[in-house]
Structures are given as structure tokens and as C-alpha cells.
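Listing of coords23.txt, compact mmCIF, C-alpha atoms
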# COMPACT_ATOMS: atom_id res chain seq x y z
CA MET Z 1 -7.59 60.46 34.34
CA THR Z 2 -5.06 57.85 33.29
CA GLY Z 3 -5.21 54.07 33.51
CA TYR Z 4 -2.85 52.40 35.96
CA THR Z 5 -2.24 48.80 36.94
CA ALA Z 6 -1.17 48.21 40.53
CA THR Z 7 0.33 44.88 41.56
CA VAL Z 8 -0.19 44.11 45.24
CA THR Z 9 1.85 41.25 46.72
CA VAL Z 10 0.65 40.03 50.12
CA ARG Z 11 3.02 37.80 52.10
CA LEU Z 12 2.84 36.26 55.55
CA GLU Z 13 5.17 38.09 57.94
CA GLN Z 14 8.44 36.35 58.69
CA GLY Z 15 7.99 33.80 61.45
CA VAL Z 16 4.31 33.11 60.69
CA LEU Z 17 3.92 29.41 59.85
CA ASP Z 18 2.72 28.71 56.33
CA PRO Z 19 1.50 25.11 56.01
CA GLU Z 20 0.56 25.56 52.33
CA ALA Z 21 4.09 26.63 51.40
CA GLU Z 22 5.54 23.82 53.49
CA THR Z 23 3.34 21.25 51.73
CA THR Z 24 4.33 22.62 48.33
CA ARG Z 25 8.03 22.49 49.24
CA ARG Z 26 7.74 18.85 50.36
CA ALA Z 27 5.83 17.89 47.22
CA LEU Z 28 8.61 19.38 45.07
CA GLU Z 29 11.20 17.46 47.10
CA ARG Z 30 9.25 14.23 46.64
CA LEU Z 31 9.39 14.90 42.89
CA GLY Z 32 13.19 14.99 43.18
CA PHE Z 33 13.78 18.75 43.17
CA GLU Z 34 16.30 20.36 45.52
CA LEU Z 35 15.40 23.73 47.00
CA SER Z 36 16.44 25.69 50.09
CA ASP Z 37 13.16 27.43 50.82
CA LEU Z 38 9.76 28.23 49.35
CA ARG Z 39 7.46 31.09 50.33
CA ALA Z 40 3.95 31.56 48.98
CA ALA Z 41 2.26 34.92 48.43
CA ASP Z 42 -1.02 36.22 47.04
CA SER Z 43 -0.83 38.69 44.25
CA PHE Z 44 -3.56 41.02 42.96
CA GLU Z 45 -3.42 43.08 39.78
CA ILE Z 46 -5.79 46.02 40.04
CA ASP Z 47 -6.66 48.27 37.10
CA ILE Z 48 -7.79 51.75 38.13
CA GLU Z 49 -8.25 55.19 36.64
CA ALA Z 50 -6.41 57.86 38.62
CA ASP Z 51 -5.01 61.40 38.33
CA SER Z 52 -1.40 60.35 38.93
CA VAL Z 53 0.80 57.45 40.03
CA ALA Z 54 0.72 58.88 43.56
CA ASP Z 55 -3.10 58.98 43.56
CA ALA Z 56 -3.27 55.39 42.22
CA ARG Z 57 -0.79 54.19 44.85
CA GLU Z 58 -2.69 55.91 47.66
CA ARG Z 59 -6.01 54.37 46.70
CA VAL Z 60 -4.55 50.89 46.23
CA THR Z 61 -2.78 51.17 49.60
CA GLU Z 62 -6.17 51.89 51.20
CA MET Z 63 -7.73 48.89 49.41
CA THR Z 64 -4.88 46.71 50.65
CA GLU Z 65 -5.12 47.88 54.24
CA GLN Z 66 -8.91 47.64 54.35
CA LEU Z 67 -9.35 44.30 52.59
CA LEU Z 68 -6.47 42.52 50.89
CA ALA Z 69 -3.97 42.22 53.74
CA ASN Z 70 -4.35 41.53 57.45
CA PRO Z 71 -1.82 43.78 59.21
CA THR Z 72 -1.43 41.29 62.06
CA LEU Z 73 -0.24 38.55 59.71
CA HIS Z 74 0.88 40.10 56.46
CA ASP Z 75 3.46 42.33 54.86
CA TYR Z 76 2.58 43.84 51.52
CA GLU Z 77 4.25 45.51 48.57
CA ILE Z 78 2.63 47.66 45.87
CA GLU Z 79 3.99 48.41 42.39
CA VAL Z 80 2.15 50.85 40.14
CA GLU Z 81 2.59 51.13 36.37
CA GLN Z 82 0.83 53.22 33.78
CA ARG Z 83 -1.23 51.05 31.42
CA MET G 1 27.05 26.99 43.36
CA THR G 2 25.35 30.33 43.93
CA GLY G 3 22.12 31.14 45.73
CA TYR G 4 19.24 32.35 43.60
CA THR G 5 15.68 33.37 44.37
CA ALA G 6 13.11 32.67 41.67
CA THR G 7 9.71 34.32 41.77
CA VAL G 8 7.03 32.31 39.99
CA THR G 9 3.72 34.06 39.25
CA VAL G 10 0.88 31.74 38.26
CA ARG G 11 -2.19 33.35 36.70
CA LEU G 12 -5.39 31.95 35.27
CA GLU G 13 -5.37 32.18 31.47
CA GLN G 14 -7.43 34.99 29.99
CA GLY G 15 -11.05 33.98 29.64
CA VAL G 16 -10.99 31.51 32.55
CA LEU G 17 -13.55 32.61 35.15
CA ASP G 18 -12.08 33.54 38.53
CA PRO G 19 -14.82 33.68 41.18
CA GLU G 20 -12.33 34.58 43.95
CA ALA G 21 -11.11 37.66 42.06
CA GLU G 22 -14.70 38.62 41.22
CA THR G 23 -15.71 38.37 44.89
CA THR G 24 -12.72 40.47 45.94
CA ARG G 25 -13.54 43.12 43.31
CA ARG G 26 -17.16 43.33 44.50
CA ALA G 27 -16.08 43.56 48.15
CA LEU G 28 -13.81 46.50 47.29
CA GLU G 29 -16.66 48.19 45.42
CA ARG G 30 -18.99 47.69 48.40
CA LEU G 31 -16.33 49.47 50.51
CA GLY G 32 -16.62 52.44 48.13
CA PHE G 33 -13.55 51.89 45.96
CA GLU G 34 -13.67 52.38 42.19
CA LEU G 35 -11.68 49.98 40.06
CA SER G 36 -11.84 48.78 36.45
CA ASP G 37 -10.62 45.21 36.96
CA LEU G 38 -8.95 42.90 39.46
CA ARG G 39 -7.01 39.73 38.68
CA ALA G 40 -5.67 37.36 41.33
CA ALA G 41 -2.49 35.31 40.99
CA ASP G 42 -0.46 32.93 43.12
CA SER G 43 3.14 33.77 43.66
CA PHE G 44 5.93 31.48 44.89
CA GLU G 45 9.42 32.60 45.94
CA ILE G 46 11.83 29.70 45.65
CA ASP G 47 15.40 29.79 47.00
CA ILE G 48 17.75 27.37 45.25
CA GLU G 49 21.45 26.78 44.80
CA ALA G 50 22.44 26.59 41.12
CA ASP G 51 25.44 26.90 38.81
CA SER G 52 24.04 29.89 36.89
CA VAL G 53 20.93 31.98 36.35
CA ALA G 54 20.13 29.78 33.33
CA ASP G 55 20.42 26.61 35.44
CA ALA G 56 18.21 28.12 38.19
CA ARG G 57 15.60 29.21 35.64
CA GLU G 58 15.55 25.78 33.97
CA ARG G 59 15.00 23.93 37.25
CA VAL G 60 12.31 26.34 38.45
CA THR G 61 10.56 26.07 35.06
CA GLU G 62 10.45 22.29 35.54
CA MET G 63 9.06 22.70 39.09
CA THR G 64 6.40 25.06 37.73
CA GLU G 65 5.35 22.78 34.89
CA GLN G 66 5.31 19.67 37.07
CA LEU G 67 3.58 21.07 40.13
CA LEU G 68 2.90 24.79 40.52
CA ALA G 69 0.91 25.53 37.35
CA ASN G 70 -1.72 23.60 35.44
CA PRO G 71 -0.98 24.20 31.74
CA THR G 72 -4.66 23.82 30.83
CA LEU G 73 -5.69 26.70 33.09
CA HIS G 74 -2.64 28.79 33.87
CA ASP G 75 -0.06 31.10 32.38
CA TYR G 76 3.12 31.60 34.36
CA GLU G 77 6.07 33.96 34.58
CA ILE G 78 9.45 33.34 36.23
CA GLU G 79 11.95 35.96 37.42
CA VAL G 80 15.33 34.87 38.76
CA GLU G 81 17.66 36.99 40.90
CA GLN G 82 20.93 36.22 42.59
CA ARG G 83 20.55 36.29 46.38

Now that the file is in, can you turn its structure into C-alpha cells?
Amino acid sequence: MTGYTATVTVRLEQGVLDPEAETTRRALERLGFELSDLRAADSFEIDIEADSVADARERVTEMTEQLLANPTLHDYEIEVEQR
Amino acid sequence: MTGYTATVTVRLEQGVLDPEAETTRRALERLGFELSDLRAADSFEIDIEADSVADARERVTEMTEQLLANPTLHDYEIEVEQR
């Protein structure tokens, strides 16, 4: 077994309104910053022991689909690195 | 001016308790998953127009220090890519 760290990024699907991101963008503009767009995402770093990168990725994908992301609202991305 | 996308990842500093991450880890374990650790982070993708990568990074660093991260609690990381 080897130690891996998987980074899961969970974003709202395009077209889903994100009031938190909108509020953050406006607050930055009120502070005088210029920006074209701001998107917010949740990110999870998960340390697991697994037999291979493929095994780690498979298990983290299951975790994401069962708990971390809501498939109706979210897209997700998973990166796996050996620790 | 060129379009850049900066990704800002804001994490709690090591040693700061994170009840949300702890709850998520326990929920995954209750679902039968085995994991060694789970850390949660907030991630912001910011689109801006800037003269150079260095200019984009400098402005996004200011945004992060003024609004997105609390230096007492958080570490942050910024990646900048041309769009």
C-alpha cells in the first residue's frame, strides 16, 4: 500500500447561480479591484492508502459521487499524487 | 492587456481546527470509506485582464490579502494561467 493525496475540486455547473461568488466579486469591486469574473469552488484534500494511483482515483471518485458533490448541481475534478 | 485566470486556494493553517472537514471525514467513514486525513479548502477562480502574468499575480495577491484570506487563520496559494 502506498500513500496518495487526492485533490477533489467541486464546482457549480455552468449556469447555476452562485450568490456567494457574486457577493465576493462585488466586494472586491467595492475595494477598487477590476475583474471580469469570479467563480467559487470547494476543494478537499484526501489522504488515503491505496494499491495504485488507479485504485486511489477510483475510491476517491466514489467518495465524491456519494458525498462530496451533488451531480445535479456540480462538476468535479480529481487529481491524485503520490505522497 | 491579456486575459488571465488566477486560481486562489485558501486553506486553514496547520493546527487550526476544522470542524467541517472533520464532519466530512466522519461521514465518509460511516459510508464505509477508509481514509487517513481530509482537509477542506476554499478555491476562487478569478478572470482578470492584465499586462503580464506578474501583474495579474500581484493584483490577485492583493485581492487575497485584502478579502479572500484571513492571515491569522489561513495559508494561500495562487496559480496564474493565460486564458

Grab all the atoms of stretch 21-40 of chain G that the file lists, wrap them in a box along x, y and z, add 3 Å per side, and give me centre plus edge lengths in Å (one decimal) as JSON.
{"center_x": -12.3, "center_y": 44.9, "center_z": 43.5, "size_x": 19.3, "size_y": 21.1, "size_z": 20.1}

Selection near stretch 63-78 of chain Z, 7 Å with all atoms listed in the file, sequence-local residues under 6 positions removed, as a PyMOL selection string: (chain Z and resi 6-13) or (chain G and resi 28)

Distance criterion (only C-alpha atoms): nearest to Z:Leu38 out of Z:Gln82, Z:Thr23, Z:Ser52, Z:Thr5: Z:Thr23

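Each of G:Ala21, G:Met1, G:Val16, G:Val80 was compared to G:Val53 using all atoms listed in the file, and G:Val80 turns out to be the nearest.
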
Closest contacts (chain G/chain Z, max 6 Å, all atoms listed in the file) as CSV:
residue,atom,partner,partner_atom,distance
G:Leu35,CA,Z:Ile48,CA,4.7
G:Ser36,CA,Z:Asp47,CA,5.2
G:Asp37,CA,Z:Asp47,CA,5.0
G:Leu38,CA,Z:Ile46,CA,4.5
G:Arg39,CA,Z:Glu45,CA,5.0
G:Ala40,CA,Z:Phe44,CA,4.5
G:Ala41,CA,Z:Ser43,CA,5.0
G:Asp42,CA,Z:Asp42,CA,5.1
G:Ser43,CA,Z:Ala41,CA,5.0
G:Phe44,CA,Z:Ala40,CA,4.5
G:Glu45,CA,Z:Arg39,CA,5.0
G:Ile46,CA,Z:Leu38,CA,4.5
G:Asp47,CA,Z:Asp37,CA,5.0
G:Ile48,CA,Z:Leu35,CA,4.7

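Going from atom CA of Z:Thr2 over to atom CA of Z:Thr61, you cover 17.8 Å.
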